[in-house]
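Everything below concerns the one structure shown next.
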Amino acid sequence: MSINEQPNAERVAIVGLGWLGEPLALTLQRLGYQVSGTTTTPEKAERLNKQGITTLLWELNHAMPARWPSELNADTLIICVPPGKLPHYTEQLSAVAKLAAAAGFSRLIYTSATSIYGGEGIKQEADAKPDSERGERMQACETAMHNSGIARVLCLRLSGLVGGSREPGRFLAGRSFEGGDEPINLVAQEDLLRFFPALLAKNDWPAALNVSAPHHPSRKAFYSQAAKLRQLPPPNFSGGGVGKTIDGSAISRYLGLDYLVSDWFDWLAARNTK
């Protein structure tokens, strides 16, 4: 099934209707999915409920409910909660996934991160070996998702997120950093919104897939140009650095979809004209 074909009224629940979760919910709704989700913002809950997205106020930092909320009953769960949002990230998301498993969810997509890869050089899915506290946390959470009791689990290892409200020209403007020669690893919101529906149309998910655009210019070149186009002070970089390059090609082969963003400088220029 192509991403433009309507699915068979499959139900999807999205925990975390934020920068990715909200536009994803609206995209899936337009494609015919029955979509529900969670937020911590009453105003957002009211707005999305009016748009037909059943939205529940759920603060994951509070005590977990005894059972999965009936308003969020679905077939597939998508968890879009970044690590910085929760003090006990792995334990809290593990509890969410186990509640969903007990409620009968059959599939789970968890948005992990490429911090799971340590060291330098090209990183493919089999190379997960974290060398940071954040990376170890992501690896522990991936393991918890696979042990949740949900039959099919896919961990999407997302590179740095740009697009929508995330303006890369402001990320590093006027600040000083090392490693100017290190490659960037980014993915644009518009590519994520294409990949998710295509993933939902398949059932033979691998355990993990990287999501990272195929163009990896240096940090200095990319962020300097991004700041320049927004008329912001450029970042100052010292030192070179090898860094790591995230190979995001497996998801393209799996879905038969190329990334829309194949040149970050073209993307910056097009975004600057909007």
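For the structure tokens, the naming scheme is as follows: chains receive sequential letters (A, B, ...) according to their order of presentation, residues are indexed from 1 within each chain, and ligands are indexed from 1 in presentation order.
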
Original post:
Residues at most 6 Å from range 148-151 of chain A, counting only C-alpha atoms, excluding those fewer than 6 positions away in the same chain, as a ChimeraX atom specification?
Top reply: /A:97-98,101,106

Original post:
In range 33-95 of chain A, what's alpha helix (DSSP H) per DSSP? Answer as number ranges by chain?
Top reply: A: 42-50, 89-95

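The closest residue to Glu133 in chain A, picked from A:Ser224, A:Ser115, A:Asn147, A:Thr38 and counting only C-alpha atoms, is A:Ser115.
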
Original post:
Which polymer residues have any atom within 7 Å of an atom of Ile79 in chain A, counting only C-alpha atoms, with same-chain residues fewer than 5 positions away left out, as a list in words?
Top reply: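 Here the qualifying residues turn out to be Ile14, Val15, Gly16, Ile109, Tyr110 and Thr111 of chain A.
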
What does the file look like for those residues with N, CA and C atoms, as an mmCIF file, in the first residue's frame?
data_model
loop_
_atom_site.group_PDB
_atom_site.id
_atom_site.type_symbol
_atom_site.label_atom_id
_atom_site.label_comp_id
_atom_site.auth_asym_id
_atom_site.auth_seq_id
_atom_site.Cartn_x
_atom_site.Cartn_y
_atom_site.Cartn_z
ATOM 1 N N ILE A 14 -0.983 8.007 19.987
ATOM 2 C CA ILE A 14 0.321 8.655 20.035
ATOM 3 C C ILE A 14 0.519 9.261 21.413
ATOM 4 N N VAL A 15 1.471 8.732 22.165
ATOM 5 C CA VAL A 15 1.818 9.309 23.463
ATOM 6 C C VAL A 15 2.872 10.378 23.223
ATOM 7 N N GLY A 16 2.457 11.623 23.382
ATOM 8 C CA GLY A 16 3.359 12.750 23.139
ATOM 9 C C GLY A 16 3.000 13.502 21.876
ATOM 10 N N ILE A 109 5.709 1.644 17.906
ATOM 11 C CA ILE A 109 6.852 2.366 17.353
ATOM 12 C C ILE A 109 7.346 3.318 18.430
ATOM 13 N N TYR A 110 8.608 3.192 18.764
ATOM 14 C CA TYR A 110 9.235 4.040 19.780
ATOM 15 C C TYR A 110 10.267 4.923 19.097
ATOM 16 N N THR A 111 10.181 6.231 19.325
ATOM 17 C CA THR A 111 11.135 7.155 18.717
ATOM 18 C C THR A 111 12.373 7.253 19.607
#

Using only C-alpha atoms, tabulate the residues of range 32-127 of chain A lying at most 12 Å from any atom of range 206-210 of chain A, each with its closest atom pair and that distance in Å to one decimal, by chain and increasing residue number, as a Markdown table.
| residue | atom | partner | partner_atom | distance |
| --- | --- | --- | --- | --- |
| A:Arg107 | CA | A:Ala207 | CA | 11.9 |
| A:Leu108 | CA | A:Ala207 | CA | 10.7 |
| A:Ile109 | CA | A:Ala208 | CA | 9.5 |
| A:Tyr110 | CA | A:Ala208 | CA | 9.4 |
| A:Thr111 | CA | A:Ala208 | CA | 9.9 |
| A:Ser112 | CA | A:Ala208 | CA | 9.0 |
| A:Ala113 | CA | A:Asn210 | CA | 8.4 |
| A:Thr114 | CA | A:Asn210 | CA | 7.4 |
| A:Ser115 | CA | A:Asn210 | CA | 11.1 |
| A:Ile116 | CA | A:Asn210 | CA | 10.6 |
| A:Tyr117 | CA | A:Asn210 | CA | 10.7 |
| A:Ile122 | CA | A:Asn210 | CA | 11.9 |
| A:Lys123 | CA | A:Asn210 | CA | 9.1 |
| A:Gln124 | CA | A:Asn210 | CA | 7.4 |
| A:Glu125 | CA | A:Leu209 | CA | 6.2 |
| A:Ala126 | CA | A:Ala208 | CA | 8.8 |
| A:Asp127 | CA | A:Asn210 | CA | 10.9 |

**OP:** Write out as JSON, numbers by chain the residues lying within 7 Å of Glu120 in chain A, counting only C-alpha atoms and excluding same-chain residues fewer than 3 positions away.
**Re:** {"A": [242, 243, 244]}

For the residues in the current selection, export N, CA, C and O atoms as a PDB file, in the first residue's frame.
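File written: out-v2.pdb
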ATOM      1  N   VAL A 242      36.379  14.136  13.780  1.00  0.00           N
ATOM      2  CA  VAL A 242      35.879  13.156  12.805  1.00  0.00           C
ATOM      3  C   VAL A 242      34.396  12.932  12.990  1.00  0.00           C
ATOM      4  O   VAL A 242      33.615  12.948  12.047  1.00  0.00           O
ATOM      5  N   GLY A 243      33.976  12.726  14.233  1.00  0.00           N
ATOM      6  CA  GLY A 243      32.567  12.530  14.516  1.00  0.00           C
ATOM      7  C   GLY A 243      32.027  11.231  13.963  1.00  0.00           C
ATOM      8  O   GLY A 243      32.766  10.359  13.515  1.00  0.00           O
ATOM      9  N   LYS A 244      30.710  11.111  13.992  1.00  0.00           N
ATOM     10  CA  LYS A 244      30.057   9.919  13.462  1.00  0.00           C
ATOM     11  C   LYS A 244      29.062  10.311  12.390  1.00  0.00           C
ATOM     12  O   LYS A 244      28.489  11.403  12.409  1.00  0.00           O
TER      13      LYS A 244
END

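Near Glu22 in chain A, within 12 Å and counting only C-alpha atoms, sit A:Ala13, A:Ile14, A:Val15, A:Gly16, A:Leu17, A:Thr27, A:Leu28, A:Gln29, A:Val35, A:Ser36, A:Gly37, A:Thr38, A:Thr39, A:Lys44, A:Ala45, A:Arg47, A:Leu48, A:Asn49, A:Gln51, A:Ile53, A:Thr54, A:Thr55, A:Ile78, A:Ile79, A:Cys80, A:Val81, A:Gly164, A:Gln189, A:Leu193; same-chain residues fewer than 5 positions away were not included.
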
Original post:
In Å to one decimal, how far is CA of Cys141 in chain A from CA of Pro83 in chain A?
Top reply: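 Separation of CA of Pro83 in chain A and CA of Cys141 in chain A: 9.8 Å.
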
Subject >> Close residues, Asn61 in chain A itself excluded, 10 Å, only C-alpha atoms, min 5 positions apart in chain, as a PyMOL selection string >> reply: chain A and resi 85-89+92

Subject >> Length of the CA of Ala188 in chain A to CA of Thr245 in chain A vector [Å] >> reply: 16.3 Å

Original post:
Which is closer to Glu10 in chain A than all the others in A:Ala173, A:Met64, A:Arg134, A:Leu200, using only C-alpha atoms?
Top reply: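 Nearest to Glu10 in chain A: A:Leu200.
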
Proximity check range 108-189 of chain A to range 234-241 of chain A, 9 Å, nearest pairs one decimal Å, only C-alpha atoms, as a tab-separated table:
residue	atom	partner	partner_atom	distance
A:Gly169	CA	A:Pro234	CA	8.6
A:Leu172	CA	A:Pro235	CA	5.7
A:Ala173	CA	A:Pro235	CA	4.9
A:Gly174	CA	A:Pro235	CA	4.5
A:Arg175	CA	A:Pro235	CA	4.9
A:Ser176	CA	A:Asn236	CA	4.5
A:Phe177	CA	A:Phe237	CA	4.9
A:Glu178	CA	A:Ser238	CA	4.7
A:Gly179	CA	A:Gly241	CA	4.8
A:Gly180	CA	A:Phe237	CA	5.1
A:Asp181	CA	A:Gly240	CA	4.6
A:Glu182	CA	A:Gly241	CA	5.3
A:Pro183	CA	A:Gly241	CA	8.9

Serialized selection, N, CA, C and O atoms, as a CSV table (one decimal), in the first residue's frame:
chain,number,residue,atom,x,y,z
A,169,GLY,N,18.9,27.7,12.1
A,169,GLY,CA,19.7,28.9,12.1
A,169,GLY,C,19.9,29.5,13.5
A,169,GLY,O,20.8,30.2,13.8
A,172,LEU,N,22.7,27.3,17.1
A,172,LEU,CA,24.1,27.6,17.5
A,172,LEU,C,24.5,29.0,17.3
A,172,LEU,O,25.7,29.3,17.5
A,173,ALA,N,23.6,29.9,16.8
A,173,ALA,CA,24.0,31.2,16.4
A,173,ALA,C,24.8,31.9,17.5
A,173,ALA,O,24.3,32.0,18.7
A,174,GLY,N,25.9,32.5,17.2
A,174,GLY,CA,26.7,33.3,18.1
A,174,GLY,C,27.4,32.6,19.2
A,174,GLY,O,28.1,33.2,20.0
A,175,ARG,N,27.4,31.3,19.2
A,175,ARG,CA,28.0,30.5,20.3
A,175,ARG,C,29.3,29.8,19.8
A,175,ARG,O,29.5,29.8,18.6
A,176,SER,N,30.1,29.3,20.7
A,176,SER,CA,31.4,28.7,20.4
A,176,SER,C,31.3,27.2,20.6
A,176,SER,O,30.8,26.8,21.7
A,177,PHE,N,31.9,26.5,19.7
A,177,PHE,CA,31.9,25.0,19.8
A,177,PHE,C,33.2,24.5,19.2
A,177,PHE,O,33.8,25.1,18.4
A,178,GLU,N,33.5,23.3,19.6
A,178,GLU,CA,34.6,22.5,19.0
A,178,GLU,C,34.0,21.6,17.9
A,178,GLU,O,32.7,21.4,17.8
A,179,GLY,N,34.8,20.9,17.1
A,179,GLY,CA,34.4,19.9,16.2
A,179,GLY,C,33.7,20.5,15.0
A,179,GLY,O,32.7,19.9,14.5
A,180,GLY,N,34.2,21.6,14.4
A,180,GLY,CA,33.5,22.2,13.3
A,180,GLY,C,33.5,21.3,12.0
A,180,GLY,O,32.7,21.4,11.1
A,181,ASP,N,34.5,20.3,11.9
A,181,ASP,CA,34.6,19.5,10.8
A,181,ASP,C,33.7,18.2,10.9
A,181,ASP,O,33.6,17.4,10.0
A,182,GLU,N,33.1,18.0,12.1
A,182,GLU,CA,32.3,16.8,12.2
A,182,GLU,C,31.0,16.9,11.4
A,182,GLU,O,30.5,18.0,11.2
A,183,PRO,N,30.6,15.8,10.9
A,183,PRO,CA,29.4,15.8,10.0
A,183,PRO,C,28.1,16.0,10.8
A,183,PRO,O,28.0,15.6,12.0

**OP:** Excluding Phe265 in chain A and residues on its chain fewer than 3 positions from it, collect all residues at most 8 Å away from it, counting only C-alpha atoms, and give them as a list of chain:residue names.
**Re:**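 My reading of the contact set: A:Phe222, A:Gln225, A:Leu268, A:Ala269.
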
Would you export the selected residues with N, CA and C atoms as a short mmCIF file (atom, residue, chain, number, x, y, z; two decimals), in the first residue's frame, please?
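Wrote again-v4.cif, looks like this:
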data_model
loop_
_atom_site.label_atom_id
_atom_site.label_comp_id
_atom_site.auth_asym_id
_atom_site.auth_seq_id
_atom_site.Cartn_x
_atom_site.Cartn_y
_atom_site.Cartn_z
N PHE A 222 27.21 23.91 7.67
CA PHE A 222 25.75 23.93 7.73
C PHE A 222 25.23 25.02 8.66
N GLN A 225 25.82 28.62 7.46
CA GLN A 225 24.89 29.02 6.41
C GLN A 225 23.48 29.22 6.96
N LEU A 268 17.80 24.56 3.27
CA LEU A 268 17.89 25.83 3.97
C LEU A 268 17.43 26.98 3.08
N ALA A 269 17.86 26.95 1.83
CA ALA A 269 17.50 28.03 0.92
C ALA A 269 16.00 28.06 0.67
#

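The spacing separating CA of Asp263 in chain A from CA of Leu186 in chain A amounts to 11.1 Å.
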
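Candidate residues A:Pro233, A:Ala140, A:Trp19, A:Pro197 were compared for distance to Gly32 in chain A, and the nearest is A:Pro197, using only C-alpha atoms.
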
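DSSP on the backbone gives strand (DSSP E or B) for these parts of range 34-115 of chain A: Gln34, Val35, Ser36, Gly37, Thr38, Thr39, Thr54, Thr55, Leu56, Leu57, Thr76, Leu77, Ile78, Ile79, Arg107, Leu108, Ile109, Tyr110, Thr111, Ser112 and Ala113 of chain A.
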
Take the residues just selected and output them with N, CA, C and O atoms as a short mmCIF file (atom, residue, chain, number, x, y, z; two decimals), in the first residue's frame.
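And here's selection-v3.cif as it stands now:
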data_model
loop_
_atom_site.label_atom_id
_atom_site.label_comp_id
_atom_site.auth_asym_id
_atom_site.auth_seq_id
_atom_site.Cartn_x
_atom_site.Cartn_y
_atom_site.Cartn_z
N GLN A 34 -7.89 6.26 12.59
CA GLN A 34 -8.54 6.75 13.81
C GLN A 34 -7.41 7.06 14.79
O GLN A 34 -6.70 6.15 15.21
N VAL A 35 -7.26 8.32 15.16
CA VAL A 35 -6.09 8.75 15.92
C VAL A 35 -6.50 9.32 17.27
O VAL A 35 -7.45 10.10 17.37
N SER A 36 -5.78 8.91 18.29
CA SER A 36 -5.91 9.49 19.61
C SER A 36 -4.50 9.80 20.12
O SER A 36 -3.51 9.38 19.53
N GLY A 37 -4.43 10.54 21.23
CA GLY A 37 -3.11 10.87 21.73
C GLY A 37 -3.15 11.56 23.07
O GLY A 37 -4.21 11.77 23.66
N THR A 38 -1.96 11.92 23.55
CA THR A 38 -1.83 12.55 24.86
C THR A 38 -1.05 13.85 24.76
O THR A 38 -0.19 14.03 23.90
N THR A 39 -1.35 14.74 25.70
CA THR A 39 -0.61 15.98 25.84
C THR A 39 -0.64 16.38 27.31
O THR A 39 -1.45 15.85 28.09
N THR A 54 -8.89 12.49 19.32
CA THR A 54 -9.21 12.27 20.72
C THR A 54 -7.95 12.45 21.55
O THR A 54 -7.00 11.68 21.44
N THR A 55 -7.93 13.50 22.37
CA THR A 55 -6.71 13.89 23.08
C THR A 55 -6.94 13.89 24.58
O THR A 55 -7.85 14.56 25.08
N LEU A 56 -6.11 13.16 25.27
CA LEU A 56 -6.22 12.99 26.71
C LEU A 56 -5.09 13.73 27.41
O LEU A 56 -3.94 13.66 26.98
N LEU A 57 -5.41 14.45 28.47
CA LEU A 57 -4.37 15.05 29.30
C LEU A 57 -3.75 13.95 30.15
O LEU A 57 -4.43 13.31 30.96
N THR A 76 -2.12 0.26 17.33
CA THR A 76 -0.71 0.63 17.28
C THR A 76 -0.45 1.80 18.22
O THR A 76 -1.20 2.78 18.21
N LEU A 77 0.61 1.69 18.99
CA LEU A 77 1.05 2.77 19.86
C LEU A 77 2.32 3.39 19.30
O LEU A 77 3.24 2.67 18.90
N ILE A 78 2.36 4.71 19.24
CA ILE A 78 3.57 5.44 18.88
C ILE A 78 3.97 6.29 20.07
O ILE A 78 3.17 7.10 20.56
N ILE A 79 5.19 6.11 20.56
CA ILE A 79 5.68 6.89 21.69
C ILE A 79 6.67 7.93 21.19
O ILE A 79 7.72 7.60 20.64
N ARG A 107 1.11 -3.47 18.17
CA ARG A 107 2.31 -2.89 17.55
C ARG A 107 2.74 -1.65 18.32
O ARG A 107 1.90 -0.94 18.88
N LEU A 108 4.03 -1.39 18.28
CA LEU A 108 4.60 -0.23 18.96
C LEU A 108 5.75 0.33 18.15
O LEU A 108 6.66 -0.40 17.75
N ILE A 109 5.71 1.64 17.91
CA ILE A 109 6.85 2.37 17.35
C ILE A 109 7.35 3.32 18.43
O ILE A 109 6.58 4.14 18.96
N TYR A 110 8.61 3.19 18.76
CA TYR A 110 9.24 4.04 19.78
C TYR A 110 10.27 4.92 19.10
O TYR A 110 11.14 4.43 18.38
N THR A 111 10.18 6.23 19.33
CA THR A 111 11.14 7.15 18.72
C THR A 111 12.37 7.25 19.61
O THR A 111 12.41 8.01 20.58
N SER A 112 13.37 6.48 19.27
CA SER A 112 14.66 6.46 19.95
C SER A 112 15.55 7.55 19.33
O SER A 112 15.05 8.47 18.67
N ALA A 113 16.85 7.47 19.55
CA ALA A 113 17.75 8.51 19.06
C ALA A 113 19.09 7.91 18.69
O ALA A 113 19.48 6.85 19.19
#

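Ranking A:Ile246, A:Ala128, A:Leu31, A:Leu72 by their shortest atom-to-atom distance to Ala213 in chain A, with only C-alpha atoms included, puts A:Ile246 first.
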